[in-house]
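The structure appears right after this line, and notes come after that.
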Amino acid sequence: MKAFALAACAAALAVATGAQAQDWRAAAGQDLAKMRELLKADHPAAYVEKDGGTFRSWVDTGYEQVRANLDKVDDTSGYYYALNGYAGGFRDGNIRVVRTLPALDPAFAGAWPGFSTAWRDGAYIVAWSDGASKTPPVGAKLISCDKRPAEAIARERLDRWEGDLELQADRARTAPYLLWDRGNPFAGAKPAKCDFDVAGRKKTFTLTYGFTAEAQRKAAFQAATPRPERALSVEQWNDGYWIHLPSFADDMPWEAFLGQLEAQRAAIQNSKVVVIDMRGAGDGPGRHGYRVANWLWDPDFVLAHTPQFGDVAYRVSVDNRAFYAGVLANLKTDGKYYKEWARWEALLAEFDQALASGQPLLKRNEARAAVAETPANPMKAKVVVLTDAACARACLNMMDLFTRLPGVVHAGSVTSADSIFVGEAVSPLPSGFANLSIGDRAWLDRPRASHTPYTPSLAYTGDPADETAVRSWLAGAL
């Protein structure tokens, strides 16, 4: 049955009462089998032709491929990389393995060679070095390792395991890990000798792996994939306002933040420029972003520009039916959503009919009635939406809206991407150490195609770690 909350307490209990003795290989095997079962039973791509080819070709072959290498799994890291390798092969950001054990620090590495790499201008560049004589200098470009080109090394060590290298955003996001040992038993041997282009000359470096202070590793990670660590906030900037949206997670202080917006709403709307900074905002549900948009503009104005769903295909299954029933029950706990009750009740009635008749898909047209008259735009300021490679899931949902609002300019870096198979239905896996999150319906008429990122019209090509430079560039570009 679908779960609304992750089984964090159960997972914590499992860790406390004997996770060290867990047979991680057996856990990976049973969880992989459950993943395939859930995907076949509950995912719409099994029957939707549009954009479903990769799903149907990978769901079995990918499973067998990963399962054939389970003898390499003997610890927690191997367990998660096995599941990530299977999920990653679908090339669908809406199919995700969600840890129930405590999350790893993004800068985690069991051992590393004393430097990090960044993806810049189509190459892996040294972004940070500890300064030791045996490490390549900052700015050096990786050519090859152990006589294999850099691209082959990246595909082996990063693709599917850490991210989707078909996406430039994931190239950037995963670049620091290229030569780090993060405990992935499927990534092959650690590179030993690597050639770099250093100021136009090829130099060979023998990599020495070791442990280091956490502060050094975090500095190296931040230099390669900078992420502003800020809270939800509003600040004045250049005759306007800079609005920080670093996350859409439920545990952010939304009510206090919306109170700030309400107090400054008129000033924001009538200022010269408003920057909506969504760098790093790849988590959480999209509803919080829509709440922000409603405060900044106006609910009726936002509704008039919200993307139409049109034809939607729901995967008919007992699990999905239970998930939708849970959504309705949650909505009914908050009177503000009473207008949504009838829609979900109608969906459940149709779903029950489809279940009874054995239909694999329930197709519905969910287009809203056309707005008789679009309200006037209350936003007089020029609006700039700023993104980076971490823009995924909820951030992409907001880009679907923001790019339809008049006068909005997209700046920064290329976003990540997802598929037309939307939703976030979560199922626990048997071991209790992970959950599977999938899209449960296909948005057949979505304007943005699967695997298609947003590319900014104002592209930032400077050092993303230099916040002063980012702001100076944006001020000059407007």
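By order in the structure tokens, chains are A, B, ...; within a chain, residues start at 1; ligands start at 1, following the order shown.
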Excluding A:Ala107 and residues on its chain fewer than 4 positions from it, collect all residues at most 12 Å away from it, counting only C-alpha atoms, and give them as a PyMOL selection string. chain A and resi 103+111-112+116+173-177+180-182+212-227
Kindly provide the residues of stretch 309-418 of chain A that approach stretch 243-252 of chain A to within 12 Å, each paired with its closest atom pair and their distance in Å to one decimal, based on only C-alpha atoms, listed by chain and increasing number, as a tab-separated table.
residue	atom	partner	partner_atom	distance
A:Val383	CA	A:Ile243	CA	10.6
A:Val384	CA	A:Ile243	CA	10.2
A:Val385	CA	A:Ile243	CA	9.7
A:Leu386	CA	A:His244	CA	9.8
A:Thr387	CA	A:Pro246	CA	10.0
A:Asp388	CA	A:Pro246	CA	10.7
A:Ala390	CA	A:Pro246	CA	9.9
A:Cys391	CA	A:Ser247	CA	9.8
A:Ala392	CA	A:Ser247	CA	10.7
A:Arg393	CA	A:Phe248	CA	9.8
A:Ala394	CA	A:Phe248	CA	6.8
A:Cys395	CA	A:Phe248	CA	7.9
A:Leu396	CA	A:Phe248	CA	11.4
A:Asn397	CA	A:Phe248	CA	11.0
A:Met398	CA	A:Phe248	CA	10.3
Export, as a PDB file, in the first residue's frame, the selected residues with N, CA and C atoms.
ATOM      1  N   VAL A 383      10.549  40.207 -13.347  1.00  0.00           N
ATOM      2  CA  VAL A 383      10.791  39.025 -12.524  1.00  0.00           C
ATOM      3  C   VAL A 383      11.846  38.141 -13.182  1.00  0.00           C
ATOM      4  N   VAL A 384      12.851  37.776 -12.413  1.00  0.00           N
ATOM      5  CA  VAL A 384      13.904  36.877 -12.880  1.00  0.00           C
ATOM      6  C   VAL A 384      13.881  35.628 -12.017  1.00  0.00           C
ATOM      7  N   VAL A 385      13.784  34.465 -12.663  1.00  0.00           N
ATOM      8  CA  VAL A 385      13.848  33.194 -11.948  1.00  0.00           C
ATOM      9  C   VAL A 385      15.255  32.634 -12.136  1.00  0.00           C
ATOM     10  N   LEU A 386      15.953  32.376 -11.024  1.00  0.00           N
ATOM     11  CA  LEU A 386      17.351  31.941 -11.047  1.00  0.00           C
ATOM     12  C   LEU A 386      17.433  30.470 -10.667  1.00  0.00           C
ATOM     13  N   THR A 387      18.022  29.649 -11.535  1.00  0.00           N
ATOM     14  CA  THR A 387      18.122  28.210 -11.271  1.00  0.00           C
ATOM     15  C   THR A 387      19.561  27.723 -11.395  1.00  0.00           C
ATOM     16  N   ASP A 388      19.777  26.511 -10.877  1.00  0.00           N
ATOM     17  CA  ASP A 388      21.043  25.814 -11.081  1.00  0.00           C
ATOM     18  C   ASP A 388      20.742  24.360 -11.412  1.00  0.00           C
ATOM     19  N   ALA A 390      20.544  21.846  -9.627  1.00  0.00           N
ATOM     20  CA  ALA A 390      19.750  21.119  -8.631  1.00  0.00           C
ATOM     21  C   ALA A 390      18.255  21.287  -8.849  1.00  0.00           C
ATOM     22  N   CYS A 391      17.849  22.081  -9.830  1.00  0.00           N
ATOM     23  CA  CYS A 391      16.416  22.322 -10.063  1.00  0.00           C
ATOM     24  C   CYS A 391      15.770  21.064 -10.634  1.00  0.00           C
ATOM     25  N   ALA A 392      15.023  20.353  -9.789  1.00  0.00           N
ATOM     26  CA  ALA A 392      14.348  19.108 -10.181  1.00  0.00           C
ATOM     27  C   ALA A 392      13.008  19.048  -9.458  1.00  0.00           C
ATOM     28  N   ARG A 393      12.185  18.076  -9.845  1.00  0.00           N
ATOM     29  CA  ARG A 393      10.912  17.802  -9.198  1.00  0.00           C
ATOM     30  C   ARG A 393      10.097  19.078  -8.937  1.00  0.00           C
ATOM     31  N   ALA A 394       9.965  19.519  -7.675  1.00  0.00           N
ATOM     32  CA  ALA A 394       9.122  20.674  -7.374  1.00  0.00           C
ATOM     33  C   ALA A 394       9.599  21.923  -8.104  1.00  0.00           C
ATOM     34  N   CYS A 395      10.907  22.079  -8.221  1.00  0.00           N
ATOM     35  CA  CYS A 395      11.459  23.237  -8.926  1.00  0.00           C
ATOM     36  C   CYS A 395      11.033  23.218 -10.391  1.00  0.00           C
ATOM     37  N   LEU A 396      11.026  22.048 -11.027  1.00  0.00           N
ATOM     38  CA  LEU A 396      10.569  21.943 -12.413  1.00  0.00           C
ATOM     39  C   LEU A 396       9.085  22.260 -12.528  1.00  0.00           C
ATOM     40  N   ASN A 397       8.306  21.814 -11.548  1.00  0.00           N
ATOM     41  CA  ASN A 397       6.881  22.161 -11.543  1.00  0.00           C
ATOM     42  C   ASN A 397       6.686  23.671 -11.518  1.00  0.00           C
ATOM     43  N   MET A 398       7.508  24.350 -10.735  1.00  0.00           N
ATOM     44  CA  MET A 398       7.395  25.797 -10.664  1.00  0.00           C
ATOM     45  C   MET A 398       7.878  26.460 -11.944  1.00  0.00           C
TER      46      MET A 398
END
Excluding A:Arg321 and any residue of its chain fewer than 3 positions from it, enumerate the residues within 12 Å of it, using only C-alpha atoms, and give them as a VMD selection string. chain A and resid 1 to 2 42 314 to 318 324 to 328 344 to 345 347 to 356 362 425 440 to 441
One decimal, in Å: what's the spacing between atom CA of A:Asp466 and atom CA of A:Val126? 16.1 Å
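Note that atom CA of A:Glu235 and atom CA of A:Ala263 are 12.6 Å apart.
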Using only C-alpha atoms, can you tell me which of A:Ala189, A:Ile276, A:Ile95, A:Ala68 comes closest to A:Ser419? A:Ile95
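Counting only C-alpha atoms, A:Ala267 has the following residues at most 10 Å away, ignoring those fewer than 4 positions along the same chain: Gly240, Tyr241, Leu261, Glu262, Ala263, Ser271, Lys272 and Ala381 of chain A.
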Stretch 121-351 of chain A: which residues are strand (DSSP E) by DSSP, as a PDB file with N, CA and C atoms, in the first residue's frame?
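Result went into part.pdb, see below:
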ATOM      1  N   ALA A 123      33.764  19.704 -20.018  1.00  0.00           N
ATOM      2  CA  ALA A 123      34.925  18.938 -19.551  1.00  0.00           C
ATOM      3  C   ALA A 123      34.932  18.891 -18.029  1.00  0.00           C
ATOM      4  N   TYR A 124      35.697  17.914 -17.508  1.00  0.00           N
ATOM      5  CA  TYR A 124      35.871  17.806 -16.066  1.00  0.00           C
ATOM      6  C   TYR A 124      37.126  18.587 -15.675  1.00  0.00           C
ATOM      7  N   ILE A 125      36.921  19.629 -14.868  1.00  0.00           N
ATOM      8  CA  ILE A 125      37.970  20.569 -14.494  1.00  0.00           C
ATOM      9  C   ILE A 125      38.217  20.479 -12.990  1.00  0.00           C
ATOM     10  N   VAL A 126      39.475  20.532 -12.573  1.00  0.00           N
ATOM     11  CA  VAL A 126      39.780  20.528 -11.141  1.00  0.00           C
ATOM     12  C   VAL A 126      39.251  21.822 -10.530  1.00  0.00           C
ATOM     13  N   ALA A 127      38.350  21.673  -9.555  1.00  0.00           N
ATOM     14  CA  ALA A 127      37.710  22.832  -8.926  1.00  0.00           C
ATOM     15  C   ALA A 127      38.354  23.205  -7.599  1.00  0.00           C
ATOM     16  N   TRP A 128      38.948  22.233  -6.939  1.00  0.00           N
ATOM     17  CA  TRP A 128      39.556  22.469  -5.621  1.00  0.00           C
ATOM     18  C   TRP A 128      40.655  21.443  -5.432  1.00  0.00           C
ATOM     19  N   SER A 129      41.762  21.871  -4.872  1.00  0.00           N
ATOM     20  CA  SER A 129      42.871  20.959  -4.596  1.00  0.00           C
ATOM     21  C   SER A 129      43.451  21.290  -3.237  1.00  0.00           C
ATOM     22  N   LYS A 141      42.386  20.273 -16.712  1.00  0.00           N
ATOM     23  CA  LYS A 141      41.297  19.551 -17.369  1.00  0.00           C
ATOM     24  C   LYS A 141      41.652  18.071 -17.496  1.00  0.00           C
ATOM     25  N   LEU A 142      40.753  17.214 -17.020  1.00  0.00           N
ATOM     26  CA  LEU A 142      40.989  15.773 -17.091  1.00  0.00           C
ATOM     27  C   LEU A 142      40.919  15.287 -18.538  1.00  0.00           C
ATOM     28  N   ILE A 143      41.935  14.556 -18.952  1.00  0.00           N
ATOM     29  CA  ILE A 143      41.981  13.980 -20.298  1.00  0.00           C
ATOM     30  C   ILE A 143      41.623  12.503 -20.260  1.00  0.00           C
ATOM     31  N   SER A 144      42.288  11.756 -19.377  1.00  0.00           N
ATOM     32  CA  SER A 144      42.078  10.306 -19.315  1.00  0.00           C
ATOM     33  C   SER A 144      42.617   9.775 -17.996  1.00  0.00           C
ATOM     34  N   CYS A 145      42.219   8.549 -17.682  1.00  0.00           N
ATOM     35  CA  CYS A 145      42.762   7.834 -16.524  1.00  0.00           C
ATOM     36  C   CYS A 145      43.046   6.403 -16.945  1.00  0.00           C
ATOM     37  N   ARG A 148      42.192   5.426 -20.417  1.00  0.00           N
ATOM     38  CA  ARG A 148      40.792   5.462 -20.831  1.00  0.00           C
ATOM     39  C   ARG A 148      40.315   6.903 -20.796  1.00  0.00           C
ATOM     40  N   PRO A 149      39.565   7.358 -21.822  1.00  0.00           N
ATOM     41  CA  PRO A 149      39.137   8.756 -21.860  1.00  0.00           C
ATOM     42  C   PRO A 149      38.252   9.119 -20.687  1.00  0.00           C
ATOM     43  N   LYS A 193      46.345   6.348 -12.500  1.00  0.00           N
ATOM     44  CA  LYS A 193      47.144   7.384 -13.156  1.00  0.00           C
ATOM     45  C   LYS A 193      46.262   8.148 -14.130  1.00  0.00           C
ATOM     46  N   CYS A 194      46.241   9.463 -13.971  1.00  0.00           N
ATOM     47  CA  CYS A 194      45.366  10.291 -14.806  1.00  0.00           C
ATOM     48  C   CYS A 194      46.171  11.377 -15.508  1.00  0.00           C
ATOM     49  N   ASP A 195      45.823  11.610 -16.760  1.00  0.00           N
ATOM     50  CA  ASP A 195      46.432  12.679 -17.544  1.00  0.00           C
ATOM     51  C   ASP A 195      45.542  13.916 -17.493  1.00  0.00           C
ATOM     52  N   PHE A 196      46.167  15.070 -17.264  1.00  0.00           N
ATOM     53  CA  PHE A 196      45.456  16.343 -17.223  1.00  0.00           C
ATOM     54  C   PHE A 196      46.102  17.320 -18.188  1.00  0.00           C
ATOM     55  N   ASP A 197      45.283  18.193 -18.729  1.00  0.00           N
ATOM     56  CA  ASP A 197      45.789  19.329 -19.489  1.00  0.00           C
ATOM     57  C   ASP A 197      46.009  20.464 -18.499  1.00  0.00           C
ATOM     58  N   VAL A 198      47.265  20.805 -18.277  1.00  0.00           N
ATOM     59  CA  VAL A 198      47.616  21.870 -17.337  1.00  0.00           C
ATOM     60  C   VAL A 198      48.238  23.010 -18.135  1.00  0.00           C
ATOM     61  N   ARG A 201      49.554  21.899 -21.483  1.00  0.00           N
ATOM     62  CA  ARG A 201      50.526  20.789 -21.525  1.00  0.00           C
ATOM     63  C   ARG A 201      49.959  19.584 -20.793  1.00  0.00           C
ATOM     64  N   LYS A 202      50.173  18.397 -21.348  1.00  0.00           N
ATOM     65  CA  LYS A 202      49.693  17.176 -20.703  1.00  0.00           C
ATOM     66  C   LYS A 202      50.643  16.761 -19.593  1.00  0.00           C
ATOM     67  N   LYS A 203      50.060  16.549 -18.410  1.00  0.00           N
ATOM     68  CA  LYS A 203      50.843  16.087 -17.270  1.00  0.00           C
ATOM     69  C   LYS A 203      50.145  14.885 -16.645  1.00  0.00           C
ATOM     70  N   THR A 204      50.921  13.916 -16.214  1.00  0.00           N
ATOM     71  CA  THR A 204      50.385  12.701 -15.603  1.00  0.00           C
ATOM     72  C   THR A 204      50.547  12.765 -14.090  1.00  0.00           C
ATOM     73  N   PHE A 205      49.462  12.429 -13.397  1.00  0.00           N
ATOM     74  CA  PHE A 205      49.472  12.429 -11.934  1.00  0.00           C
ATOM     75  C   PHE A 205      49.087  11.046 -11.432  1.00  0.00           C
ATOM     76  N   THR A 206      49.841  10.536 -10.475  1.00  0.00           N
ATOM     77  CA  THR A 206      49.480   9.289  -9.803  1.00  0.00           C
ATOM     78  C   THR A 206      48.608   9.645  -8.602  1.00  0.00           C
ATOM     79  N   SER A 233      13.730  33.413   2.675  1.00  0.00           N
ATOM     80  CA  SER A 233      13.876  34.794   3.128  1.00  0.00           C
ATOM     81  C   SER A 233      13.650  35.764   1.980  1.00  0.00           C
ATOM     82  N   VAL A 234      13.469  37.024   2.336  1.00  0.00           N
ATOM     83  CA  VAL A 234      13.297  38.114   1.381  1.00  0.00           C
ATOM     84  C   VAL A 234      14.270  39.214   1.764  1.00  0.00           C
ATOM     85  N   GLU A 235      15.028  39.709   0.788  1.00  0.00           N
ATOM     86  CA  GLU A 235      15.927  40.822   1.057  1.00  0.00           C
ATOM     87  C   GLU A 235      15.803  41.858  -0.051  1.00  0.00           C
ATOM     88  N   GLN A 236      16.094  43.098   0.266  1.00  0.00           N
ATOM     89  CA  GLN A 236      16.089  44.150  -0.734  1.00  0.00           C
ATOM     90  C   GLN A 236      17.367  44.063  -1.568  1.00  0.00           C
ATOM     91  N   TRP A 237      17.213  44.323  -2.880  1.00  0.00           N
ATOM     92  CA  TRP A 237      18.356  44.207  -3.790  1.00  0.00           C
ATOM     93  C   TRP A 237      18.113  45.057  -5.029  1.00  0.00           C
ATOM     94  N   GLY A 240      14.923  46.557  -5.815  1.00  0.00           N
ATOM     95  CA  GLY A 240      13.935  45.491  -5.887  1.00  0.00           C
ATOM     96  C   GLY A 240      14.127  44.519  -4.745  1.00  0.00           C
ATOM     97  N   TYR A 241      13.816  43.263  -5.010  1.00  0.00           N
ATOM     98  CA  TYR A 241      13.843  42.247  -3.954  1.00  0.00           C
ATOM     99  C   TYR A 241      14.447  40.956  -4.466  1.00  0.00           C
ATOM    100  N   TRP A 242      15.142  40.270  -3.567  1.00  0.00           N
ATOM    101  CA  TRP A 242      15.733  38.955  -3.845  1.00  0.00           C
ATOM    102  C   TRP A 242      15.028  37.969  -2.915  1.00  0.00           C
ATOM    103  N   ILE A 243      14.303  37.029  -3.512  1.00  0.00           N
ATOM    104  CA  ILE A 243      13.516  36.065  -2.737  1.00  0.00           C
ATOM    105  C   ILE A 243      14.205  34.712  -2.790  1.00  0.00           C
ATOM    106  N   HIS A 244      14.593  34.203  -1.627  1.00  0.00           N
ATOM    107  CA  HIS A 244      15.326  32.938  -1.551  1.00  0.00           C
ATOM    108  C   HIS A 244      14.353  31.772  -1.363  1.00  0.00           C
ATOM    109  N   VAL A 273      12.774  45.242  -9.863  1.00  0.00           N
ATOM    110  CA  VAL A 273      13.107  43.866 -10.240  1.00  0.00           C
ATOM    111  C   VAL A 273      12.901  42.946  -9.051  1.00  0.00           C
ATOM    112  N   VAL A 274      12.447  41.728  -9.330  1.00  0.00           N
ATOM    113  CA  VAL A 274      12.285  40.695  -8.304  1.00  0.00           C
ATOM    114  C   VAL A 274      13.019  39.448  -8.781  1.00  0.00           C
ATOM    115  N   VAL A 275      13.955  38.960  -7.985  1.00  0.00           N
ATOM    116  CA  VAL A 275      14.681  37.723  -8.292  1.00  0.00           C
ATOM    117  C   VAL A 275      14.106  36.613  -7.425  1.00  0.00           C
ATOM    118  N   ILE A 276      13.625  35.557  -8.070  1.00  0.00           N
ATOM    119  CA  ILE A 276      13.166  34.358  -7.361  1.00  0.00           C
ATOM    120  C   ILE A 276      14.280  33.332  -7.488  1.00  0.00           C
ATOM    121  N   ASP A 277      15.042  33.166  -6.430  1.00  0.00           N
ATOM    122  CA  ASP A 277      16.253  32.348  -6.435  1.00  0.00           C
ATOM    123  C   ASP A 277      15.907  30.918  -6.007  1.00  0.00           C
ATOM    124  N   ASP A 311      -5.415  15.656 -21.262  1.00  0.00           N
ATOM    125  CA  ASP A 311      -5.572  14.205 -21.128  1.00  0.00           C
ATOM    126  C   ASP A 311      -4.535  13.626 -20.170  1.00  0.00           C
ATOM    127  N   VAL A 312      -5.026  12.871 -19.206  1.00  0.00           N
ATOM    128  CA  VAL A 312      -4.171  12.216 -18.213  1.00  0.00           C
ATOM    129  C   VAL A 312      -4.543  10.739 -18.165  1.00  0.00           C
ATOM    130  N   ALA A 313      -3.530   9.875 -18.144  1.00  0.00           N
ATOM    131  CA  ALA A 313      -3.759   8.427 -18.050  1.00  0.00           C
ATOM    132  C   ALA A 313      -3.289   7.937 -16.684  1.00  0.00           C
ATOM    133  N   TYR A 314      -4.223   7.439 -15.888  1.00  0.00           N
ATOM    134  CA  TYR A 314      -3.914   6.897 -14.570  1.00  0.00           C
ATOM    135  C   TYR A 314      -3.685   5.398 -14.686  1.00  0.00           C
ATOM    136  N   ARG A 315      -2.630   4.899 -14.032  1.00  0.00           N
ATOM    137  CA  ARG A 315      -2.408   3.457 -13.991  1.00  0.00           C
ATOM    138  C   ARG A 315      -3.361   2.857 -12.957  1.00  0.00           C
TER     139      ARG A 315
END
So which residues touch A:Thr374 within 9 Å, counting only C-alpha atoms, skipping near sequence neighbours fewer than 2 positions away, as a PyMOL selection string? chain A and resi 300-301+304-305+371-372+376-377
Test item: residues at most 9 Å from A:Glu424, only C-alpha atoms, excluding those fewer than 5 positions along its chain, as an MDAnalysis selection string: chainID A and resid 94:95 285 437:440
Can you pull out the residues contacting A:Ala477? Cut-off 10 Å, using only C-alpha atoms, and skip same-chain residues under 5 positions away; I want them as a list in words. Ala411, Leu458, Ala459, Tyr460, Arg471 and Ser472 of chain A
Would you give me, as an MDAnalysis selection string, the residues in stretch 263-420 of chain A that DSSP reads as alpha helix (DSSP H)? chainID A and resid 263:269 287:296 299:305 318:331 338:357 394:402
Output file for the selection above: C-alpha atoms, as a PDB file, in the first residue's frame:
ATOM      1  CA  ALA A 263       3.908  42.302   4.693  1.00  0.00           C
ATOM      2  CA  GLN A 264       5.961  43.431   1.666  1.00  0.00           C
ATOM      3  CA  ARG A 265       3.645  42.382  -1.132  1.00  0.00           C
ATOM      4  CA  ALA A 266       2.798  45.841  -2.492  1.00  0.00           C
ATOM      5  CA  ALA A 267       6.426  46.961  -2.325  1.00  0.00           C
ATOM      6  CA  ILE A 268       7.578  43.789  -4.110  1.00  0.00           C
ATOM      7  CA  GLN A 269       4.991  44.076  -6.871  1.00  0.00           C
ATOM      8  CA  ARG A 287       2.207  23.113  -3.627  1.00  0.00           C
ATOM      9  CA  HIS A 288       4.471  25.349  -1.549  1.00  0.00           C
ATOM     10  CA  GLY A 289       5.797  26.992  -4.692  1.00  0.00           C
ATOM     11  CA  TYR A 290       2.266  27.684  -5.847  1.00  0.00           C
ATOM     12  CA  ARG A 291       1.513  29.249  -2.478  1.00  0.00           C
ATOM     13  CA  VAL A 292       4.437  31.617  -3.022  1.00  0.00           C
ATOM     14  CA  ALA A 293       3.253  32.427  -6.555  1.00  0.00           C
ATOM     15  CA  ASN A 294      -0.244  33.164  -5.253  1.00  0.00           C
ATOM     16  CA  TRP A 295       1.158  35.653  -2.751  1.00  0.00           C
ATOM     17  CA  LEU A 296       3.467  37.351  -5.266  1.00  0.00           C
ATOM     18  CA  PRO A 299      -4.482  33.349  -7.121  1.00  0.00           C
ATOM     19  CA  ASP A 300      -6.797  34.114 -10.049  1.00  0.00           C
ATOM     20  CA  PHE A 301      -3.933  35.431 -12.175  1.00  0.00           C
ATOM     21  CA  VAL A 302      -1.832  32.345 -11.383  1.00  0.00           C
ATOM     22  CA  LEU A 303      -4.753  30.034 -12.129  1.00  0.00           C
ATOM     23  CA  ALA A 304      -5.268  31.685 -15.509  1.00  0.00           C
ATOM     24  CA  HIS A 305      -1.656  30.835 -16.455  1.00  0.00           C
ATOM     25  CA  VAL A 318      -5.068  -1.549  -6.052  1.00  0.00           C
ATOM     26  CA  ASP A 319      -2.023   0.271  -4.687  1.00  0.00           C
ATOM     27  CA  ASN A 320      -2.709   3.419  -6.680  1.00  0.00           C
ATOM     28  CA  ARG A 321      -6.355   3.371  -5.658  1.00  0.00           C
ATOM     29  CA  ALA A 322      -5.295   3.257  -2.022  1.00  0.00           C
ATOM     30  CA  PHE A 323      -2.905   6.139  -2.623  1.00  0.00           C
ATOM     31  CA  TYR A 324      -5.638   8.349  -4.107  1.00  0.00           C
ATOM     32  CA  ALA A 325      -7.991   7.464  -1.271  1.00  0.00           C
ATOM     33  CA  GLY A 326      -5.280   8.651   1.098  1.00  0.00           C
ATOM     34  CA  VAL A 327      -4.910  11.907  -0.821  1.00  0.00           C
ATOM     35  CA  LEU A 328      -8.648  12.538  -0.475  1.00  0.00           C
ATOM     36  CA  ALA A 329      -8.572  11.732   3.233  1.00  0.00           C
ATOM     37  CA  ASN A 330      -5.686  14.176   3.720  1.00  0.00           C
ATOM     38  CA  LEU A 331      -7.495  16.902   1.794  1.00  0.00           C
ATOM     39  CA  TYR A 338     -12.880  21.631  -0.039  1.00  0.00           C
ATOM     40  CA  LYS A 339     -13.043  22.575  -3.726  1.00  0.00           C
ATOM     41  CA  GLU A 340     -10.782  19.609  -4.495  1.00  0.00           C
ATOM     42  CA  TRP A 341     -12.914  16.999  -2.729  1.00  0.00           C
ATOM     43  CA  ALA A 342     -15.415  16.535  -5.562  1.00  0.00           C
ATOM     44  CA  ARG A 343     -12.645  16.056  -8.131  1.00  0.00           C
ATOM     45  CA  TRP A 344     -10.935  13.343  -6.112  1.00  0.00           C
ATOM     46  CA  GLU A 345     -14.216  11.660  -5.232  1.00  0.00           C
ATOM     47  CA  ALA A 346     -15.110  11.524  -8.939  1.00  0.00           C
ATOM     48  CA  LEU A 347     -11.670  10.087  -9.719  1.00  0.00           C
ATOM     49  CA  LEU A 348     -12.091   7.345  -7.118  1.00  0.00           C
ATOM     50  CA  ALA A 349     -15.526   6.420  -8.489  1.00  0.00           C
ATOM     51  CA  GLU A 350     -14.113   6.076 -12.011  1.00  0.00           C
ATOM     52  CA  PHE A 351     -11.099   4.239 -10.644  1.00  0.00           C
ATOM     53  CA  ASP A 352     -13.311   1.657  -8.963  1.00  0.00           C
ATOM     54  CA  GLN A 353     -15.154   1.047 -12.222  1.00  0.00           C
ATOM     55  CA  ALA A 354     -11.839   0.598 -14.065  1.00  0.00           C
ATOM     56  CA  LEU A 355     -10.587  -1.818 -11.396  1.00  0.00           C
ATOM     57  CA  ALA A 356     -13.779  -3.869 -11.581  1.00  0.00           C
ATOM     58  CA  SER A 357     -13.513  -4.166 -15.369  1.00  0.00           C
ATOM     59  CA  ALA A 394       9.122  20.674  -7.374  1.00  0.00           C
ATOM     60  CA  CYS A 395      11.459  23.237  -8.926  1.00  0.00           C
ATOM     61  CA  LEU A 396      10.569  21.943 -12.413  1.00  0.00           C
ATOM     62  CA  ASN A 397       6.881  22.161 -11.543  1.00  0.00           C
ATOM     63  CA  MET A 398       7.395  25.797 -10.664  1.00  0.00           C
ATOM     64  CA  MET A 399       9.318  26.416 -13.882  1.00  0.00           C
ATOM     65  CA  ASP A 400       6.297  25.051 -15.757  1.00  0.00           C
ATOM     66  CA  LEU A 401       4.318  27.869 -14.164  1.00  0.00           C
ATOM     67  CA  PHE A 402       6.863  30.699 -14.030  1.00  0.00           C
TER      68      PHE A 402
END
